[in-house]
Amino acid sequence: MKTFLVTNGDSQPVCCVTEDRIHVKITDPADKRYEIPESVLPRPKEDVVYGPLNSDIHFNYTTSPFAFSVYRTKTHEVLFSTASHPIIFEPQYLRVKTNLPTDANLYGLGEHSDSFRLPTHNYTRTMWSRDAYGVPQGTNLYGNHPIYYEHRTTGTHGVFLANSNGMDIKIDDSEGLGTTLEYNVIGGVLDFYFLAGDENDPTEVVRQYSDIVGTPAEVPYWSFGLHQCRFGYKNYIDVAEVITNYSAAGIPLETMWTDIDYMDARRVFTLSPDYFPVNRMREIVDYLHAHDQRYIVMVDPAVAYAPNENYGAYDRGTEADIWLMAANGSSPFLGAVWPGVTVYPDWFNEKTQDYWDNEFKIFFSPETGLDIDGTWIDMNEPSSFCNYPCTDPFAQAIEQELPPPRAEAPPDPNAPILGQTLQKRVDHKGQDVLAPPYAIENAVPTGALSDKTAYTDAVHANGLIEYDTHNLYGTMMSTATRNAMLARRPGLRTLIITRSTFAGAGSHVGKWLGDNLSQWTHYKQSISGILGMAGVYHVPMVGADICGFGDNTTETLCARWAMLGAFYPFMRNHNSDTSISQEFYRWPTTALAAKNALDMRYRLLDYLYTAFHQAHTDGSPVLRPLWYEFPKDANTFAINTQFFFGPSVLVSPVLAEDATSVDVYYPSSRFYDIHTLAATPHGSGPATLVNVNFTTIPVAIRGGAVLPLRARGALTTDALRKTDFELVVAPDAQGTAAGALYVDDGVSIAQERTTEVRFAYARGRLAVEGSFAYPMGVKVARVRFAGAKSAPKSVRVNGKALAGGAAAAVAFDAEAGVVDVPLDLPFTSGFTVELD
């Protein structure tokens, strides 16, 4: 039996490091082990003030044989226990196993495309980043978040394993022990954080997790607008035509994107002089900016290996010596990606950030290059097309035609358009890091860890190897890219969308869910995907490729997906070069569906922006599964096709081709249709919504909310910010409601002035209070009161009864139960509205 050192992470005896968190690190004092560097995942400060007597959870262990358990201090309910399962702690294999309740409600352990509530029978979640076209279920995907929440009717808690090595996490119920959860890890240490959560509010455990990995980054207001992209815009004319067509169709387009098509021979930091000449591309970007729109392009990590070819990005990187090195330590590791044979930046090299900043400064220069507004990162697992074993990437690049030739002649160039610190090296001597003794279930052709990626024996500048750090590569590139964008535009927020993430990525970047397919199953899976990222892993700026990336969509699928996508925090239409075009204006039904959904989204944008600010402030989830709000209702625990957009807006999309009905579940609460504000007629429990046409999505407001909406949508977010507000009061069964609004300039990292408003409604009186330091420059056009049984006898604003024409303008819709009170008040201070 090994001798274990069990600490709180600072060589102190294990204890409750906060009132609601226990940190348990199991190491071998005789063997230096790899741990996630603090530079990648900064750990929270330990607080030894709290002890067993005043903490919410308690740690107990025995020394022979070594075992431990974590339980709630108040009730002694066991949350995690290894008592029946010996801990294994070998150099390349670590195992910890715990018993859980039968049919446990487990959520997290991403990234995956499986159900939001995880299966409990013979189920394995593998943590190893890979290029996962088609996002197949039951496999490892692009990113890794070894955190799970377990929900019981007695409370919700969380368990986070801070380990970036490859691992299988097995969940099973076939051993006669209820449910078991077993970690099988191929390196590092066992560095656990146990989160007490709360007995009544599941969102509390989400906030506690943010104390470890950080709260989400705030993003610019404009980033919540519609984004349009495609792999396969063949030249600058294609890009310009899409911009023009969206405008002609009257569909709001906030940001135009371009995939790797713009590059010269697929080389990063280049423009094709024939297909995307710099002068025409600058013309497009200038046009977008002049029309209050934005532009984003893709940046891949792999840099073409091009000695003596006058390729600046490669030459400058070689001169700075910042490439990830092969196992011999004397030559760069070579892969094969879009531009052919490639090298990879080493994000652990202390000179790489300066290199990356400089490439962004040169290529994205506002004066001479592409003045982008955000960045899109792909292929950062890191991905390689080289088949394993990759002994000759040059031959494979030729065989795979990398870079691929262009199939069309270039367009007329004058065609009219638009109108860190070194550390002691971890010793892997005697270990097989290419084929470790325990093989995780890596879903690649050979199963090898190095297949379709950098070899696990590739060496970083600080002595670490990819065997330990592979799962960190994408997040490190994302962070470096964000830093480079901030250096380009100091003081301004930016938008970085990445593919590969690790725990903590959301404090820097957003994410899209990868290369999905134009299928109804992927449409439905996207809901679990966004709930996982936004509701569990603290990466709330998330969305799937609307209408699907691969395969061909249909008019009705794309229409339904446009409406569902309007409730992704990150809303982007994007598809492959081998698929049919799917811009929203391509079909009449899809165009109308997109217009309707975008009008609703844009009117809700300040509500969403406020939710993001709250997430940044304290870690509150932006998207929520139903059980977050109704934790005692067991019917909600497995629901993954409905969700709350923010705390109060329930989204229930139609789920099948040609269907005009959908089965939904309404928990015990009042709900109001967001379009009519009429109370939903179904009551609580299961319901079937019928006659849902192809341009409508069922959306309801939960009773108890006051929503600050814009009075109407707009074609750009800049125009939207100049649009008046209207307030919607949706009372709960007790006749009360509350809400909040946060407004700032929408772009600055540090705000000089902000407006923060609180809404409270009770006994027929709406009180609006707060600070109004940021000038919004708009009015409150009206207040809409839902759930009214009769017209008010009188209405008072700021204590004065409305009279004459103002009183006559108050309207009551008896069928919907809505009272409309026109105000036209400057939104510069608080006010009250009372109904008698």
# chains A, B, ... in the order shown; residues from 1 in each chain; ligands from 1
$ residues_around --residues "region 742-749 of chain A" --least-positions-apart "2" --cutoff "7 Å" --atoms "only C-alpha atoms" --output "ChimeraX atom specification"
/A:220-221,491-493,610,740,751,753-757,774
$ select_by_dssp --residues "region 486-709 of chain A" --states "strand (DSSP E)" --output "PyMOL selection string"
chain A and resi 495-498+510-512+542-543+545-546+572-573+623-624+643-645+649-651+662-666+671-673+685-689+699-702+705-709
$ residues_around --residues "Gly504 (chain A)" --least-positions-apart "6" --cutoff "10 Å" --atoms "only C-alpha atoms" --output "JSON, numbers by chain"
{"A": [40, 41, 42, 145, 209, 210, 212, 213, 214, 215, 216, 475, 537, 538, 539]}
$ residues_around --residues "Leu689 (chain A)" --least-positions-apart "3" --cutoff "7 Å" --atoms "only C-alpha atoms" --output "MDAnalysis selection string"
chainID A and resid 661:663
$ select_by_dssp --residues "region 468-643 of chain A" --states "alpha helix (DSSP H)" --output "JSON, numbers by chain"
{"A": [468, 469, 473, 474, 475, 476, 477, 478, 479, 480, 481, 482, 483, 484, 485, 486, 487, 488, 520, 521, 522, 523, 524, 525, 526, 527, 528, 529, 530, 531, 532, 533, 534, 535, 555, 556, 557, 558, 559, 560, 561, 562, 563, 564, 565, 588, 589, 590, 591, 592, 593, 594, 595, 596, 597, 598, 599, 600, 601, 602, 603, 605, 606, 607, 608, 609, 610, 611, 612, 613, 614, 615, 616, 617, 618, 626, 627, 628, 629]}
$ closest_residue --among "A:Leu464, A:Phe502, A:Asp577, A:Asp211" --to "Lys45 (chain A)" --atoms "only C-alpha atoms"
A:Asp211
$ residues_around --residues "Ala162 (chain A)" --least-positions-apart "3" --cutoff "9 Å" --atoms "only C-alpha atoms" --output "ChimeraX atom specification"
/A:35-36,41,146-147,189-193,503
$ closest_residue --among "A:Asn442, A:Gln353, A:Gln293, A:Thr139" --to "Arg482 (chain A)" --atoms "only C-alpha atoms"
A:Gln353
$ residues_around --residues "Ala700 (chain A)" --least-positions-apart "2" --cutoff "7 Å" --atoms "only C-alpha atoms" --output "PyMOL selection string"
chain A and resi 649-651+671-674+698+702
$ closest_residue --among "A:Ile296, A:Met476, A:Leu823, A:Val205" --to "Leu495 (chain A)" --atoms "only C-alpha atoms"
A:Ile296
$ atom_distance --atom1 "CA of Leu802 (chain A)" --atom2 "CA of Val729 (chain A)"
19.2 Å
$ atom_distance --atom1 "CA of Gly329 (chain A)" --atom2 "CA of His460 (chain A)"
8.6 Å
$ residues_around --residues "Val783 (chain A)" --least-positions-apart "4" --cutoff "12 Å" --atoms "only C-alpha atoms" --output "PDB file with C-alpha atoms, in the first residue's frame"
ATOM      1  CA  VAL A 706     -40.430  42.028 -14.221  1.00  0.00           C
ATOM      2  CA  LEU A 707     -38.754  42.083 -17.630  1.00  0.00           C
ATOM      3  CA  PRO A 708     -37.106  45.200 -19.095  1.00  0.00           C
ATOM      4  CA  LEU A 709     -37.764  44.867 -22.836  1.00  0.00           C
ATOM      5  CA  ARG A 710     -37.002  47.177 -25.700  1.00  0.00           C
ATOM      6  CA  ALA A 711     -40.254  48.407 -27.213  1.00  0.00           C
ATOM      7  CA  ASP A 724     -37.191  52.987 -25.760  1.00  0.00           C
ATOM      8  CA  PHE A 725     -37.929  50.396 -23.083  1.00  0.00           C
ATOM      9  CA  GLU A 726     -41.176  48.873 -21.992  1.00  0.00           C
ATOM     10  CA  LEU A 727     -41.560  46.971 -18.740  1.00  0.00           C
ATOM     11  CA  VAL A 728     -43.517  43.728 -18.490  1.00  0.00           C
ATOM     12  CA  VAL A 729     -44.842  42.825 -15.044  1.00  0.00           C
ATOM     13  CA  ALA A 730     -45.744  39.131 -14.748  1.00  0.00           C
ATOM     14  CA  PHE A 759     -37.990  46.507 -10.157  1.00  0.00           C
ATOM     15  CA  TYR A 761     -44.139  44.797  -7.778  1.00  0.00           C
ATOM     16  CA  ARG A 765     -47.682  48.889  -7.148  1.00  0.00           C
ATOM     17  CA  LEU A 766     -44.557  48.814  -9.344  1.00  0.00           C
ATOM     18  CA  ALA A 767     -41.520  50.525  -7.823  1.00  0.00           C
ATOM     19  CA  VAL A 768     -38.514  51.291 -10.037  1.00  0.00           C
ATOM     20  CA  LYS A 779     -37.598  56.566 -22.334  1.00  0.00           C
ATOM     21  CA  VAL A 795     -53.644  54.667 -12.344  1.00  0.00           C
ATOM     22  CA  VAL A 797     -47.634  57.554 -11.664  1.00  0.00           C
ATOM     23  CA  VAL A 810     -54.655  53.143 -20.396  1.00  0.00           C
ATOM     24  CA  ALA A 811     -55.903  49.979 -22.090  1.00  0.00           C
ATOM     25  CA  VAL A 818     -53.260  42.689 -19.683  1.00  0.00           C
ATOM     26  CA  VAL A 819     -53.283  46.326 -18.608  1.00  0.00           C
ATOM     27  CA  ASP A 820     -51.146  48.675 -20.718  1.00  0.00           C
ATOM     28  CA  VAL A 821     -50.082  51.964 -19.146  1.00  0.00           C
ATOM     29  CA  PRO A 822     -48.375  54.404 -21.567  1.00  0.00           C
ATOM     30  CA  LEU A 823     -45.698  56.469 -19.794  1.00  0.00           C
ATOM     31  CA  ASP A 824     -43.221  58.122 -22.163  1.00  0.00           C
ATOM     32  CA  LEU A 825     -40.999  58.884 -19.152  1.00  0.00           C
ATOM     33  CA  PHE A 831     -40.607  56.038 -10.541  1.00  0.00           C
ATOM     34  CA  THR A 832     -43.726  54.223  -9.363  1.00  0.00           C
ATOM     35  CA  VAL A 833     -46.859  53.039 -11.142  1.00  0.00           C
ATOM     36  CA  GLU A 834     -49.897  52.020  -9.073  1.00  0.00           C
ATOM     37  CA  LEU A 835     -53.091  50.324 -10.226  1.00  0.00           C
TER      38      LEU A 835
END
$ closest_residue --among "A:Gly506, A:Pro540, A:Gly143, A:Pro792" --to "Ala808 (chain A)" --atoms "only C-alpha atoms"
A:Pro792
$ closest_residue --among "A:Asp718, A:Asp261, A:Asp201, A:Glu150" --to "Gly108 (chain A)" --atoms "only C-alpha atoms"
A:Glu150
$ decode --residues "region 478-491 of chain A" --atoms "all heavy atoms" --output "short mmCIF file (atom, residue, chain, number, x, y, z; two decimals), in the first residue's frame"
data_model
loop_
_atom_site.label_atom_id
_atom_site.label_comp_id
_atom_site.auth_asym_id
_atom_site.auth_seq_id
_atom_site.Cartn_x
_atom_site.Cartn_y
_atom_site.Cartn_z
N SER A 478 -6.65 30.13 -26.52
CA SER A 478 -7.76 31.08 -26.43
C SER A 478 -7.39 32.28 -25.56
O SER A 478 -7.68 33.43 -25.90
CB SER A 478 -8.99 30.37 -25.85
OG SER A 478 -9.34 29.25 -26.63
N THR A 479 -6.75 32.00 -24.43
CA THR A 479 -6.35 33.08 -23.54
C THR A 479 -5.31 33.99 -24.21
O THR A 479 -5.39 35.23 -24.11
CB THR A 479 -5.78 32.50 -22.24
OG1 THR A 479 -6.76 31.65 -21.63
CG2 THR A 479 -5.39 33.60 -21.26
N ALA A 480 -4.35 33.38 -24.90
CA ALA A 480 -3.33 34.18 -25.60
C ALA A 480 -3.97 35.03 -26.69
O ALA A 480 -3.57 36.19 -26.91
CB ALA A 480 -2.27 33.27 -26.20
N THR A 481 -4.98 34.49 -27.37
CA THR A 481 -5.66 35.24 -28.42
C THR A 481 -6.45 36.41 -27.84
O THR A 481 -6.45 37.51 -28.39
CB THR A 481 -6.59 34.31 -29.22
OG1 THR A 481 -5.79 33.25 -29.80
CG2 THR A 481 -7.31 35.05 -30.32
N ARG A 482 -7.11 36.16 -26.73
CA ARG A 482 -7.83 37.26 -26.07
C ARG A 482 -6.84 38.36 -25.67
O ARG A 482 -7.10 39.55 -25.87
CB ARG A 482 -8.58 36.76 -24.84
CG ARG A 482 -9.35 37.86 -24.11
CD ARG A 482 -10.21 37.27 -23.00
NE ARG A 482 -11.06 38.29 -22.39
CZ ARG A 482 -10.76 38.96 -21.27
NH1 ARG A 482 -9.60 38.71 -20.65
NH2 ARG A 482 -11.59 39.86 -20.78
N ASN A 483 -5.70 37.96 -25.12
CA ASN A 483 -4.69 38.96 -24.75
C ASN A 483 -4.22 39.75 -25.96
O ASN A 483 -4.02 40.97 -25.88
CB ASN A 483 -3.50 38.27 -24.08
CG ASN A 483 -3.85 37.69 -22.71
OD1 ASN A 483 -4.82 38.09 -22.10
ND2 ASN A 483 -3.05 36.74 -22.26
N ALA A 484 -4.06 39.06 -27.09
CA ALA A 484 -3.61 39.75 -28.31
C ALA A 484 -4.67 40.73 -28.80
O ALA A 484 -4.34 41.83 -29.27
CB ALA A 484 -3.28 38.72 -29.39
N MET A 485 -5.94 40.35 -28.73
CA MET A 485 -7.01 41.26 -29.14
C MET A 485 -7.11 42.46 -28.21
O MET A 485 -7.35 43.59 -28.65
CB MET A 485 -8.33 40.50 -29.20
CG MET A 485 -8.46 39.56 -30.38
SD MET A 485 -8.50 40.44 -31.99
CE MET A 485 -10.08 41.27 -31.88
N LEU A 486 -6.92 42.24 -26.91
CA LEU A 486 -6.97 43.35 -25.96
C LEU A 486 -5.80 44.31 -26.19
O LEU A 486 -5.92 45.52 -26.00
CB LEU A 486 -6.95 42.83 -24.53
CG LEU A 486 -8.18 42.00 -24.10
CD1 LEU A 486 -8.04 41.55 -22.66
CD2 LEU A 486 -9.47 42.79 -24.29
N ALA A 487 -4.66 43.74 -26.62
CA ALA A 487 -3.51 44.59 -26.94
C ALA A 487 -3.79 45.45 -28.17
O ALA A 487 -3.28 46.58 -28.29
CB ALA A 487 -2.26 43.74 -27.14
N ARG A 488 -4.57 44.92 -29.13
CA ARG A 488 -4.92 45.69 -30.33
C ARG A 488 -5.83 46.86 -29.99
O ARG A 488 -5.74 47.93 -30.58
CB ARG A 488 -5.65 44.81 -31.35
CG ARG A 488 -4.82 43.82 -32.11
CD ARG A 488 -5.67 43.09 -33.15
NE ARG A 488 -6.16 43.98 -34.17
CZ ARG A 488 -7.44 44.26 -34.38
NH1 ARG A 488 -8.38 43.75 -33.60
NH2 ARG A 488 -7.79 45.08 -35.36
N ARG A 489 -6.79 46.62 -29.09
CA ARG A 489 -7.77 47.64 -28.74
C ARG A 489 -7.81 47.76 -27.22
O ARG A 489 -8.72 47.23 -26.57
CB ARG A 489 -9.15 47.28 -29.28
CG ARG A 489 -9.24 47.27 -30.81
CD ARG A 489 -10.64 46.87 -31.27
NE ARG A 489 -10.79 46.98 -32.71
CZ ARG A 489 -11.92 46.68 -33.35
NH1 ARG A 489 -12.98 46.24 -32.68
NH2 ARG A 489 -12.00 46.79 -34.67
N PRO A 490 -6.83 48.40 -26.64
CA PRO A 490 -6.75 48.47 -25.17
C PRO A 490 -8.02 49.06 -24.56
O PRO A 490 -8.58 50.04 -25.08
CB PRO A 490 -5.54 49.38 -24.94
CG PRO A 490 -4.73 49.26 -26.18
CD PRO A 490 -5.72 49.10 -27.29
N GLY A 491 -8.46 48.44 -23.49
CA GLY A 491 -9.61 48.94 -22.75
C GLY A 491 -10.95 48.49 -23.25
O GLY A 491 -11.98 48.76 -22.62
#
